[in-house]
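Q: Structure incoming, see below.
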There are 2 protein chains.
Amino acid sequence: MKNEKIPYKIYLEENEMPKSWYNVRADMQKKPAPLLNPGTKQPMTAEELSAVFCDELVQQELDDTTPYIEIPEEIRNFYKMYRPSPLVRAYCLEEKLGTPAKIYYKFEGNNTSGSHKLNSAIAQAYYAKKQGLKGVTTETGAGQWGTALSMACSYFDLDCKVFMVKCSYEQKPFRREVMRTYGASVTPSPSETTAIGRKILAEHPGTTGSLGCAISEAVEVAVSSEGYRYVLGSVLNQVLLHQSVIGLETKAALDKYGIKPDIIIGCAGGGSNLGGLIAPFMGEKLRGEADYRIIAVEPASCPSFTRGVYAYDFCDTGMVCPLAKMYTLGSDFIPSANHAGGLRYHGMSSTLSELYDQKLMEATSVTQTDVFQAAEYFARVEGILPAPESSHAIRVAIDEALRCKETGEEKTIVFGLTGTGYFDMVAYEKFHNGEMTDTIPTDEELEAARAKLPR
Amino acid sequence: MKNEKIPYKIYLEENEMPKSWYNVRADMQKKPAPLLNPGTKQPMTAEELSAVFCDELVQQELDDTTPYIEIPEEIRNFYKMYRPSPLVRAYCLEEKLGTPAKIYYKFEGNNTSGSHKLNSAIAQAYYAKKQGLKGVTTETGAGQWGTALSMACSYFDLDCKVFMVKCSYEQKPFRREVMRTYGASVTPSPSETTAIGRKILAEHPGTTGSLGCAISEAVEVAVSSEGYRYVLGSVLNQVLLHQSVIGLETKAALDKYGIKPDIIIGCAGGGSNLGGLIAPFMGEKLRGEADYRIIAVEPASCPSFTRGVYAYDFCDTGMVCPLAKMYTLGSDFIPSANHAGGLRYHGMSSTLSELYDQKLMEATSVTQTDVFQAAEYFARVEGILPAPESSHAIRVAIDEALRCKETGEEKTIVFGLTGTGYFDMVAYEKFHNGEMTDTIPTDEELEAARAKLPR
């Protein structure tokens, strides 16, 4: 062991846990572009957004000046049930790789939702309850967000209606069953229960759905049901705000031992984990107090950052949501059915998109066979069976550590291990059986998807 | 919150983790009965046992006088990857129940094997490696032990052959896939690969197997393969010794805050979790230093303690293993196919059996619909989706807490939450759909199973 003083797992004491979320937008000179009303092309007002989202979440969505927003006590108490999450020193991985690099990962999988998604779910459920709502609607792809929201709603005794992308609903019956354990209703999307679902089914009979469709259905039900609002598990500013608890805990744990990371790596689908993990570090960078190399890792089969365009786009297939300026592949883009796991959203958080455009962070894409190879390697060495999503970050962390082995540099690498892969064993099985392949969209396919971008 | 000073989760620092296991037999005046050679009916010698088990584990199995046995550094380092496990104060459960009782649970589910089984798996793999073996064989029922052993063998680069009870193999393909991720080979039992498997298949065509059959197959392969030994995940003294890490951590965490439990509750199948959890507390009891109410909870469908007899019995169906004196239902007993989850072994740890016979602990049995009701309640309130096995302890902890509500007593209850139920969603689904029923063996059935007890 290289440094006996640093334990395998750094836990914060309960009183060291963050009492406020950090809002990185407050430190950005050039702010992320606002959401636009798709009809008027004017910035969405709080009033307009309140038809869809809870009032207090709308305030958080629009607030790009307040750096710290207090975490209500009820949410902090819930956090105490499964947080702080450990910051793990990957001693075994370092030894196995033979790298001089020091590797740390923030492990968010030790809760029943199996991922970091619970950090925002409990916040959104809390504000819905505070507003006196009956319930909330949402969509889920891989199922982590739906599970997290079910848990949060159960805790606050709120109704929870989940639209689950049909292919995932069919492939992951156990995810559905966990949500039912928490009292949620789960509908495969597209469904006959909504106007937009019926329209999509009529136009694309036999479709197995997409996140974009499921969002449209969930929003339709929210705005047409008394006492309901819609909640989203990624992409939005409010979600990144809540997820900043990941980065704040990570930074507090590192600071306890005087550790300064050189490289921070996170997987990126809509951006919730990455945005949360990097928040306080990016804040220091924006304020000129420190510098870090920050790397977003996305699937080669859904490469929003690395092959998308930075433009206003629809957030959903049904085009019922506001327009967001983001790195996007076009709202019609659906990753190949061959792609396992999450990270399949066509766009990317506006905040992260703006930071990427300002070259404050890098992005890279990896193929899924490389990702699963890293996942299995990691599982065997560090004992944790990672989610496919998280394994994108593992892949790049390993690659960077191997680069250090070549150069002899003792860099400190921190990556986000967002969750566990217990509900992804179908994908692991494919990998073990040598049946997993890679699908990378062609330039023509991406061009075609972009054709539907709003002008 | 009743006591702000006690955090939701009590973690030990790395340097507070146990450096030795505690061997409760050393403090027992009347020792557990020895294993007998089924042919001679004489106590098994170290030499005889060494044909089946690793040498150092044989020593641990036979040692009933040394109270503390040092945990080798390699094992302690592995423990640091996923331990200490948290001792959780169930504030939310207490509040929801409206009980004056203080409830704590030791949560062993935060590792990829999903249970406490890893504590002994890593020890057994370590000693196998130290002895220069090529690999080990074992059986698994619900799959937790097989998963744990696969992880441990992968860490020490040992081959791992798992015989998985056929019905479980078919119902839990994802468990099998996790084991494969860790490089284990998994064979459904009974199989055509062993003489005893072929015999059982000939006598009972179409059988879906049992733990007793799988043990026989695993032992046969171990003794007939060069460089292999057999390892077992429960029942044996050595396993209870390794699992004492659970109780030692629990006691250290409670001592930190000056907490003395009144009642300690654990689920009991073969006894590994219960024996580990209660070890240091039972030690105090045996030495007359303290008193605790200790409750073993078993399924009504497999009631070894509450309806079994205390006698020498075969440990496996094929009768290839030594005889053990234990509370047993008879080695032919197989719980109804209707029974979900583990805790399905016909017998019980000799050590626990002797302690129970000496009335140093109580036992009770619960039906599975009551268990799943408690499991779902707990999941919604405390956020953790428990394994069916663990939920037996939850059921009784809730019942005891409700009794405190009636009497107004502020008892301190500690129970073992052995694992998570992520691979048990088929059983949860049955419960949600109202399709779960209870099967309690009749007196006649138990009488028939006992007829095969050795004389």
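Following the order of the structure tokens, chains are lettered A, B, ..., residues in each are numbered from 1, and ligands are numbered from 1.
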Please find the residues of chain B near chain A - the criterion being any atom within 9 Å, counting only C-alpha atoms - and write them as an MDAnalysis selection string.

A: chainID B and resid 7:9 11 13:14 77 80:83 88:90 92 109:113 151:152 154:155 173:175 177:178 180:183 376 379:385 420 422:426 428:429 432

Q: Which polymer residues have any atom within 7 Å of an atom of Arg25 (chain B), counting only C-alpha atoms, with same-chain residues fewer than 3 positions away left out, as a count of residues only?

A: 4

Q: Quick check for you: according to DSSP on this backbone, which residues of region 174-295 of chain A are classed as strand (DSSP E)? Reply as a list of chain:residue names.

A: A:Ser185, A:Val186, A:Thr187, A:Pro188, A:Ser189, A:Tyr228, A:Arg229, A:Tyr230, A:Ile263, A:Ile264, A:Ile265, A:Gly266, A:Cys267, A:Arg293, A:Ile294, A:Ile295

Q: Return the single residue from A:Leu352, A:Leu97, A:Ala279, A:Ile413 that is closest to Gln243 (chain A), with distances computed using only C-alpha atoms.

A: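 Of A:Leu352, A:Leu97, A:Ala279, A:Ile413, the one nearest Gln243 (chain A), counting only C-alpha atoms, is A:Ala279.
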
Q: I want to know what sits within 8 Å of region 305-321 of chain B, based on only C-alpha atoms, with residues of the same chain fewer than 6 positions away left out; could you give that as a PyMOL selection string?

A: chain B and resi 38+196+211-213+215-216+219-220+298+327-332+347-348+353+357+363-365+453-454

Q: Would you please give, as a list in words, all residues of region 81-130 of chain B that DSSP assigns to alpha helix (DSSP H) based on the backbone?

A: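 Matching residues for alpha helix (DSSP H) in region 81-130 of chain B are Met81, Tyr82, Tyr91, Cys92, Leu93, Glu94, Glu95, Lys96, Leu97, Leu118, Asn119, Ser120, Ala121, Ile122, Ala123, Gln124, Ala125, Tyr126, Tyr127, Ala128, Lys129 and Lys130 of chain B.
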
Q: Any chance you can output those residues with N, CA, C and O atoms as a compact mmCIF listing (two decimals), in the first residue's frame?

A:
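Once everything was written out, this is result.txt:
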```
# COMPACT_ATOMS: atom_id res chain seq x y z
N MET B 81 -12.12 -3.06 1.91
CA MET B 81 -12.77 -2.62 0.66
C MET B 81 -14.27 -2.48 0.84
O MET B 81 -14.91 -1.68 0.16
N TYR B 82 -14.87 -3.27 1.72
CA TYR B 82 -16.34 -3.19 1.85
C TYR B 82 -16.80 -3.09 3.29
O TYR B 82 -18.00 -2.97 3.56
N TYR B 91 -34.11 5.40 12.76
CA TYR B 91 -34.94 6.51 13.22
C TYR B 91 -36.30 6.54 12.51
O TYR B 91 -37.33 6.75 13.12
N CYS B 92 -36.27 6.35 11.18
CA CYS B 92 -37.52 6.47 10.41
C CYS B 92 -38.47 5.34 10.76
O CYS B 92 -39.68 5.55 10.89
N LEU B 93 -37.94 4.15 10.94
CA LEU B 93 -38.78 3.01 11.31
C LEU B 93 -39.39 3.23 12.69
O LEU B 93 -40.59 3.00 12.90
N GLU B 94 -38.59 3.69 13.63
CA GLU B 94 -39.10 3.96 14.99
C GLU B 94 -40.25 4.97 14.94
O GLU B 94 -41.29 4.79 15.58
N GLU B 95 -40.04 6.03 14.14
CA GLU B 95 -41.04 7.09 14.07
C GLU B 95 -42.33 6.56 13.44
O GLU B 95 -43.43 6.83 13.93
N LYS B 96 -42.17 5.81 12.35
CA LYS B 96 -43.34 5.27 11.66
C LYS B 96 -44.12 4.31 12.55
O LYS B 96 -45.35 4.31 12.54
N LEU B 97 -43.40 3.49 13.32
CA LEU B 97 -44.07 2.53 14.20
C LEU B 97 -44.63 3.22 15.44
O LEU B 97 -45.50 2.68 16.12
N LEU B 118 -19.66 -12.79 2.22
CA LEU B 118 -18.31 -12.45 1.77
C LEU B 118 -17.29 -12.53 2.92
O LEU B 118 -16.12 -12.81 2.69
N ASN B 119 -17.75 -12.27 4.15
CA ASN B 119 -16.84 -12.27 5.31
C ASN B 119 -16.12 -13.61 5.48
O ASN B 119 -14.94 -13.64 5.83
N SER B 120 -16.82 -14.70 5.23
CA SER B 120 -16.19 -16.01 5.36
C SER B 120 -15.59 -16.46 4.03
O SER B 120 -14.56 -17.14 4.00
N ALA B 121 -16.21 -16.07 2.92
CA ALA B 121 -15.70 -16.48 1.60
C ALA B 121 -14.26 -16.02 1.41
O ALA B 121 -13.41 -16.79 0.96
N ILE B 122 -13.98 -14.78 1.79
CA ILE B 122 -12.62 -14.26 1.56
C ILE B 122 -11.62 -14.98 2.46
O ILE B 122 -10.48 -15.24 2.06
N ALA B 123 -12.06 -15.34 3.67
CA ALA B 123 -11.17 -16.07 4.57
C ALA B 123 -10.87 -17.46 4.02
O ALA B 123 -9.72 -17.89 3.96
N GLN B 124 -11.91 -18.14 3.57
CA GLN B 124 -11.71 -19.50 3.07
C GLN B 124 -10.87 -19.51 1.79
O GLN B 124 -10.02 -20.38 1.59
N ALA B 125 -11.09 -18.51 0.93
CA ALA B 125 -10.29 -18.43 -0.29
C ALA B 125 -8.83 -18.14 0.06
O ALA B 125 -7.90 -18.70 -0.54
N TYR B 126 -8.63 -17.28 1.04
CA TYR B 126 -7.26 -16.94 1.46
C TYR B 126 -6.48 -18.18 1.90
O TYR B 126 -5.35 -18.42 1.48
N TYR B 127 -7.12 -19.00 2.76
CA TYR B 127 -6.42 -20.18 3.27
C TYR B 127 -6.19 -21.21 2.17
O TYR B 127 -5.19 -21.93 2.17
N ALA B 128 -7.12 -21.28 1.22
CA ALA B 128 -6.94 -22.19 0.09
C ALA B 128 -5.74 -21.75 -0.74
O ALA B 128 -4.91 -22.57 -1.16
N LYS B 129 -5.63 -20.45 -0.97
CA LYS B 129 -4.51 -19.92 -1.74
C LYS B 129 -3.20 -20.17 -1.01
O LYS B 129 -2.21 -20.59 -1.61
N LYS B 130 -3.23 -19.91 0.30
CA LYS B 130 -2.03 -20.07 1.13
C LYS B 130 -1.52 -21.51 1.07
O LYS B 130 -0.32 -21.77 1.12
```

Q: Excluding same-chain residues fewer than 3 positions from Val223 (chain B), what lies within 12 Å of it counting only C-alpha atoms, as a list in words?

A: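 Returned residues: Glu48, Leu49, Ser50, Ala51, Val52, Phe53, Cys54, Gly135, Val136, Thr137, Thr138, Thr194, Ser216, Glu217, Ala218, Val219, Glu220, Glu226, Gly227, Tyr228, Arg229, Tyr230, Val231, Val320 and Cys321 of chain B.
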
Q: Lys411 (chain B): which residues within 10 Å, counting only C-alpha atoms, same-chain residues fewer than 2 positions away excluded, as a short mmCIF file (atom, residue, chain, number, x, y, z; two decimals) with N, CA and C atoms, in the first residue's frame?

A:
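Final output, saved to around.cif:
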```cif
data_model
loop_
_atom_site.label_atom_id
_atom_site.label_comp_id
_atom_site.auth_asym_id
_atom_site.auth_seq_id
_atom_site.Cartn_x
_atom_site.Cartn_y
_atom_site.Cartn_z
N THR B 99 -42.95 3.76 18.16
CA THR B 99 -42.50 2.93 19.29
C THR B 99 -41.46 3.68 20.13
N PRO B 100 -41.47 3.46 21.44
CA PRO B 100 -40.40 4.03 22.27
C PRO B 100 -39.11 3.22 22.17
N ALA B 101 -39.18 2.06 21.51
CA ALA B 101 -37.97 1.23 21.36
C ALA B 101 -36.95 1.96 20.49
N LYS B 102 -35.70 1.64 20.74
CA LYS B 102 -34.62 2.14 19.88
C LYS B 102 -34.15 0.97 19.04
N ILE B 103 -34.21 1.17 17.73
CA ILE B 103 -33.90 0.05 16.84
C ILE B 103 -32.62 0.32 16.06
N LYS B 260 -26.29 -0.29 25.20
CA LYS B 260 -26.36 -1.70 25.56
C LYS B 260 -27.67 -2.27 25.05
N PRO B 261 -27.62 -3.24 24.14
CA PRO B 261 -28.87 -3.77 23.60
C PRO B 261 -29.61 -4.63 24.62
N ASP B 262 -30.93 -4.65 24.51
CA ASP B 262 -31.73 -5.58 25.32
C ASP B 262 -32.01 -6.85 24.53
N ILE B 263 -32.31 -6.67 23.24
CA ILE B 263 -32.70 -7.81 22.42
C ILE B 263 -31.84 -7.84 21.15
N GLU B 400 -41.36 -6.93 18.06
CA GLU B 400 -40.85 -6.58 19.40
C GLU B 400 -40.99 -5.08 19.66
N ALA B 401 -40.78 -4.28 18.63
CA ALA B 401 -40.91 -2.83 18.78
C ALA B 401 -42.36 -2.45 19.04
N ARG B 403 -44.47 -4.37 20.55
CA ARG B 403 -44.73 -4.80 21.92
C ARG B 403 -44.27 -3.69 22.89
N CYS B 404 -43.15 -3.06 22.58
CA CYS B 404 -42.66 -1.95 23.41
C CYS B 404 -43.66 -0.79 23.37
N LYS B 405 -44.29 -0.61 22.21
CA LYS B 405 -45.28 0.46 22.08
C LYS B 405 -46.44 0.20 23.05
N GLY B 408 -44.83 0.45 26.63
CA GLY B 408 -44.13 1.71 26.92
C GLY B 408 -42.66 1.53 27.25
N GLU B 409 -42.15 0.32 27.08
CA GLU B 409 -40.73 0.08 27.41
C GLU B 409 -39.81 0.62 26.31
N ILE B 413 -33.24 -2.55 20.58
CA ILE B 413 -33.30 -3.76 19.74
C ILE B 413 -32.22 -3.66 18.67
N VAL B 414 -31.44 -4.70 18.52
CA VAL B 414 -30.44 -4.77 17.45
C VAL B 414 -30.77 -5.98 16.58
#
```

Q: Mind giving me the straight-line distance from CA of Thr439 (chain A) to CA of Ser301 (chain A) in Å, one decimal?

A: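 For CA of Thr439 (chain A) relative to CA of Ser301 (chain A), the distance reads 5.7 Å.
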
Q: Out of A:Ala202, A:Ile334, A:Leu277, A:Ala184, which residue has the shortest atom-to-atom distance to His242 (chain A) when counting only C-alpha atoms?

A: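 That would be A:Leu277, the residue with the smallest distance to His242 (chain A).
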
Q: Just to confirm, what's the straight-line distance from CA of Met326 (chain A) to CA of Ala33 (chain A) in Å (one decimal)?

A: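 We find that CA of Met326 (chain A) and CA of Ala33 (chain A) lie 8.4 Å from each other.
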
Q: When you look at Ala46 (chain A) with a cut-off of 12 Å (counting only C-alpha atoms), what residues show up, excluding the ones that are within fewer than 3 positions of it in the same chain? I need them as a list in words.

A: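 My reading of the contact set: Pro34, Leu35, Leu36, Asn37, Pro43, Leu49, Ser50, Ala51, Val52, Phe53, Cys54, Asp55, Glu56, Leu57, Val58, Gln59, Gln60, Glu61, Leu62 and Asp63 of chain A.
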
Q: Go ahead and dump the residues you just picked, all heavy atoms, as a compact mmCIF listing (two decimals), in the first residue's frame.

A:
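Generated output (out-v1.txt):
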```
# COMPACT_ATOMS: atom_id res chain seq x y z
N PRO A 34 -31.06 30.27 -21.72
CA PRO A 34 -32.33 29.96 -21.06
C PRO A 34 -33.19 28.98 -21.88
O PRO A 34 -33.00 28.84 -23.09
CB PRO A 34 -33.02 31.32 -20.98
CG PRO A 34 -32.46 32.09 -22.13
CD PRO A 34 -31.04 31.63 -22.30
N LEU A 35 -34.13 28.33 -21.21
CA LEU A 35 -35.14 27.53 -21.90
C LEU A 35 -36.04 28.48 -22.68
O LEU A 35 -36.34 29.58 -22.22
CB LEU A 35 -35.99 26.76 -20.87
CG LEU A 35 -35.26 25.69 -20.04
CD1 LEU A 35 -36.16 25.17 -18.91
CD2 LEU A 35 -34.82 24.52 -20.93
N LEU A 36 -36.45 28.07 -23.86
CA LEU A 36 -37.33 28.92 -24.67
C LEU A 36 -38.70 28.28 -24.83
O LEU A 36 -38.83 27.05 -24.91
CB LEU A 36 -36.73 29.13 -26.07
CG LEU A 36 -35.41 29.87 -26.20
CD1 LEU A 36 -35.09 30.12 -27.68
CD2 LEU A 36 -35.41 31.19 -25.42
N ASN A 37 -39.70 29.16 -24.91
CA ASN A 37 -41.05 28.72 -25.26
C ASN A 37 -41.03 28.32 -26.74
O ASN A 37 -40.65 29.13 -27.58
CB ASN A 37 -42.02 29.88 -25.01
CG ASN A 37 -43.45 29.52 -25.34
OD1 ASN A 37 -43.72 28.94 -26.40
ND2 ASN A 37 -44.36 29.89 -24.45
N PRO A 43 -37.69 33.40 -23.74
CA PRO A 43 -37.36 32.63 -22.53
C PRO A 43 -38.61 32.26 -21.74
O PRO A 43 -39.52 33.08 -21.59
CB PRO A 43 -36.46 33.59 -21.75
CG PRO A 43 -35.81 34.44 -22.79
CD PRO A 43 -36.86 34.62 -23.86
N LEU A 49 -43.36 27.81 -16.67
CA LEU A 49 -42.73 26.57 -16.21
C LEU A 49 -43.53 25.93 -15.09
O LEU A 49 -43.50 24.71 -14.91
CB LEU A 49 -41.30 26.86 -15.73
CG LEU A 49 -40.27 27.14 -16.84
CD1 LEU A 49 -38.97 27.66 -16.24
CD2 LEU A 49 -40.00 25.87 -17.65
N SER A 50 -44.27 26.77 -14.32
CA SER A 50 -45.00 26.24 -13.16
C SER A 50 -46.17 25.32 -13.54
O SER A 50 -46.70 24.61 -12.69
CB SER A 50 -45.51 27.37 -12.28
OG SER A 50 -44.41 28.06 -11.74
N ALA A 51 -46.56 25.37 -14.81
CA ALA A 51 -47.60 24.44 -15.25
C ALA A 51 -47.05 23.01 -15.28
O ALA A 51 -47.79 22.04 -15.14
CB ALA A 51 -48.10 24.84 -16.64
N VAL A 52 -45.75 22.93 -15.48
CA VAL A 52 -45.12 21.61 -15.62
C VAL A 52 -44.38 21.18 -14.35
O VAL A 52 -44.48 20.05 -13.91
CB VAL A 52 -44.13 21.62 -16.82
CG1 VAL A 52 -43.47 20.26 -16.98
CG2 VAL A 52 -44.84 22.04 -18.09
N PHE A 53 -43.64 22.14 -13.78
CA PHE A 53 -42.77 21.81 -12.64
C PHE A 53 -43.27 22.43 -11.33
O PHE A 53 -44.01 23.43 -11.35
CB PHE A 53 -41.34 22.33 -12.90
CG PHE A 53 -40.68 21.76 -14.12
CD1 PHE A 53 -40.44 22.56 -15.23
CD2 PHE A 53 -40.31 20.42 -14.17
CE1 PHE A 53 -39.82 22.05 -16.37
CE2 PHE A 53 -39.70 19.90 -15.31
CZ PHE A 53 -39.46 20.72 -16.41
N CYS A 54 -42.84 21.89 -10.21
CA CYS A 54 -43.16 22.45 -8.90
C CYS A 54 -42.58 23.87 -8.79
O CYS A 54 -41.51 24.15 -9.32
CB CYS A 54 -42.52 21.64 -7.77
SG CYS A 54 -43.06 19.94 -7.77
N ASP A 55 -43.28 24.72 -8.05
CA ASP A 55 -42.91 26.14 -7.97
C ASP A 55 -41.47 26.35 -7.50
O ASP A 55 -40.72 27.12 -8.10
CB ASP A 55 -43.86 26.88 -7.01
CG ASP A 55 -45.30 26.86 -7.54
OD1 ASP A 55 -45.49 26.47 -8.72
OD2 ASP A 55 -46.21 27.22 -6.78
N GLU A 56 -41.11 25.68 -6.41
CA GLU A 56 -39.78 25.95 -5.86
C GLU A 56 -38.68 25.41 -6.78
O GLU A 56 -37.59 25.98 -6.85
CB GLU A 56 -39.67 25.34 -4.46
CG GLU A 56 -38.70 26.13 -3.59
CD GLU A 56 -39.08 26.13 -2.12
OE1 GLU A 56 -40.29 26.00 -1.78
OE2 GLU A 56 -38.15 26.26 -1.30
N LEU A 57 -39.00 24.35 -7.51
CA LEU A 57 -38.03 23.82 -8.46
C LEU A 57 -37.88 24.76 -9.65
O LEU A 57 -36.80 24.86 -10.23
CB LEU A 57 -38.44 22.40 -8.91
CG LEU A 57 -38.36 21.36 -7.79
CD1 LEU A 57 -39.07 20.07 -8.20
CD2 LEU A 57 -36.90 21.06 -7.43
N VAL A 58 -38.95 25.44 -10.01
CA VAL A 58 -38.86 26.44 -11.07
C VAL A 58 -37.91 27.56 -10.67
O VAL A 58 -37.06 28.01 -11.46
CB VAL A 58 -40.27 27.02 -11.40
CG1 VAL A 58 -40.15 28.25 -12.30
CG2 VAL A 58 -41.15 25.95 -12.03
N GLN A 59 -38.03 28.00 -9.41
CA GLN A 59 -37.11 29.04 -8.91
C GLN A 59 -35.66 28.56 -9.02
O GLN A 59 -34.78 29.31 -9.47
CB GLN A 59 -37.40 29.37 -7.43
CG GLN A 59 -38.77 30.00 -7.18
CD GLN A 59 -39.04 31.20 -8.09
OE1 GLN A 59 -38.15 32.03 -8.33
NE2 GLN A 59 -40.24 31.27 -8.64
N GLN A 60 -35.43 27.33 -8.63
CA GLN A 60 -34.06 26.79 -8.70
C GLN A 60 -33.59 26.67 -10.15
O GLN A 60 -32.42 26.90 -10.46
CB GLN A 60 -33.99 25.41 -8.01
CG GLN A 60 -34.24 25.49 -6.51
CD GLN A 60 -34.16 24.13 -5.82
OE1 GLN A 60 -34.00 23.10 -6.47
NE2 GLN A 60 -34.28 24.13 -4.50
N GLU A 61 -34.54 26.34 -11.02
CA GLU A 61 -34.20 26.18 -12.44
C GLU A 61 -33.72 27.51 -13.03
O GLU A 61 -32.80 27.55 -13.84
CB GLU A 61 -35.43 25.67 -13.21
CG GLU A 61 -35.16 25.24 -14.63
CD GLU A 61 -34.20 24.06 -14.73
OE1 GLU A 61 -34.17 23.22 -13.81
OE2 GLU A 61 -33.44 24.01 -15.72
N LEU A 62 -34.38 28.59 -12.61
CA LEU A 62 -34.11 29.90 -13.21
C LEU A 62 -33.01 30.67 -12.49
O LEU A 62 -32.47 31.64 -13.04
CB LEU A 62 -35.39 30.73 -13.21
CG LEU A 62 -36.54 30.16 -14.07
CD1 LEU A 62 -37.80 31.01 -13.91
CD2 LEU A 62 -36.13 30.06 -15.54
N ASP A 63 -32.67 30.26 -11.28
CA ASP A 63 -31.71 31.02 -10.47
C ASP A 63 -30.28 30.76 -10.92
O ASP A 63 -29.72 29.71 -10.62
CB ASP A 63 -31.90 30.65 -9.00
CG ASP A 63 -30.99 31.46 -8.08
OD1 ASP A 63 -30.04 32.11 -8.58
OD2 ASP A 63 -31.26 31.47 -6.87
```

Q: Let me make sure I understand: among B:Met436, B:Ala449, B:Ile295, B:Leu417, which one has the smallest atom-to-atom distance to Leu355 (chain B) if we use only C-alpha atoms?

A: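 Looking only at the distances to Leu355 (chain B), the closest residue turns out to be B:Ile295.
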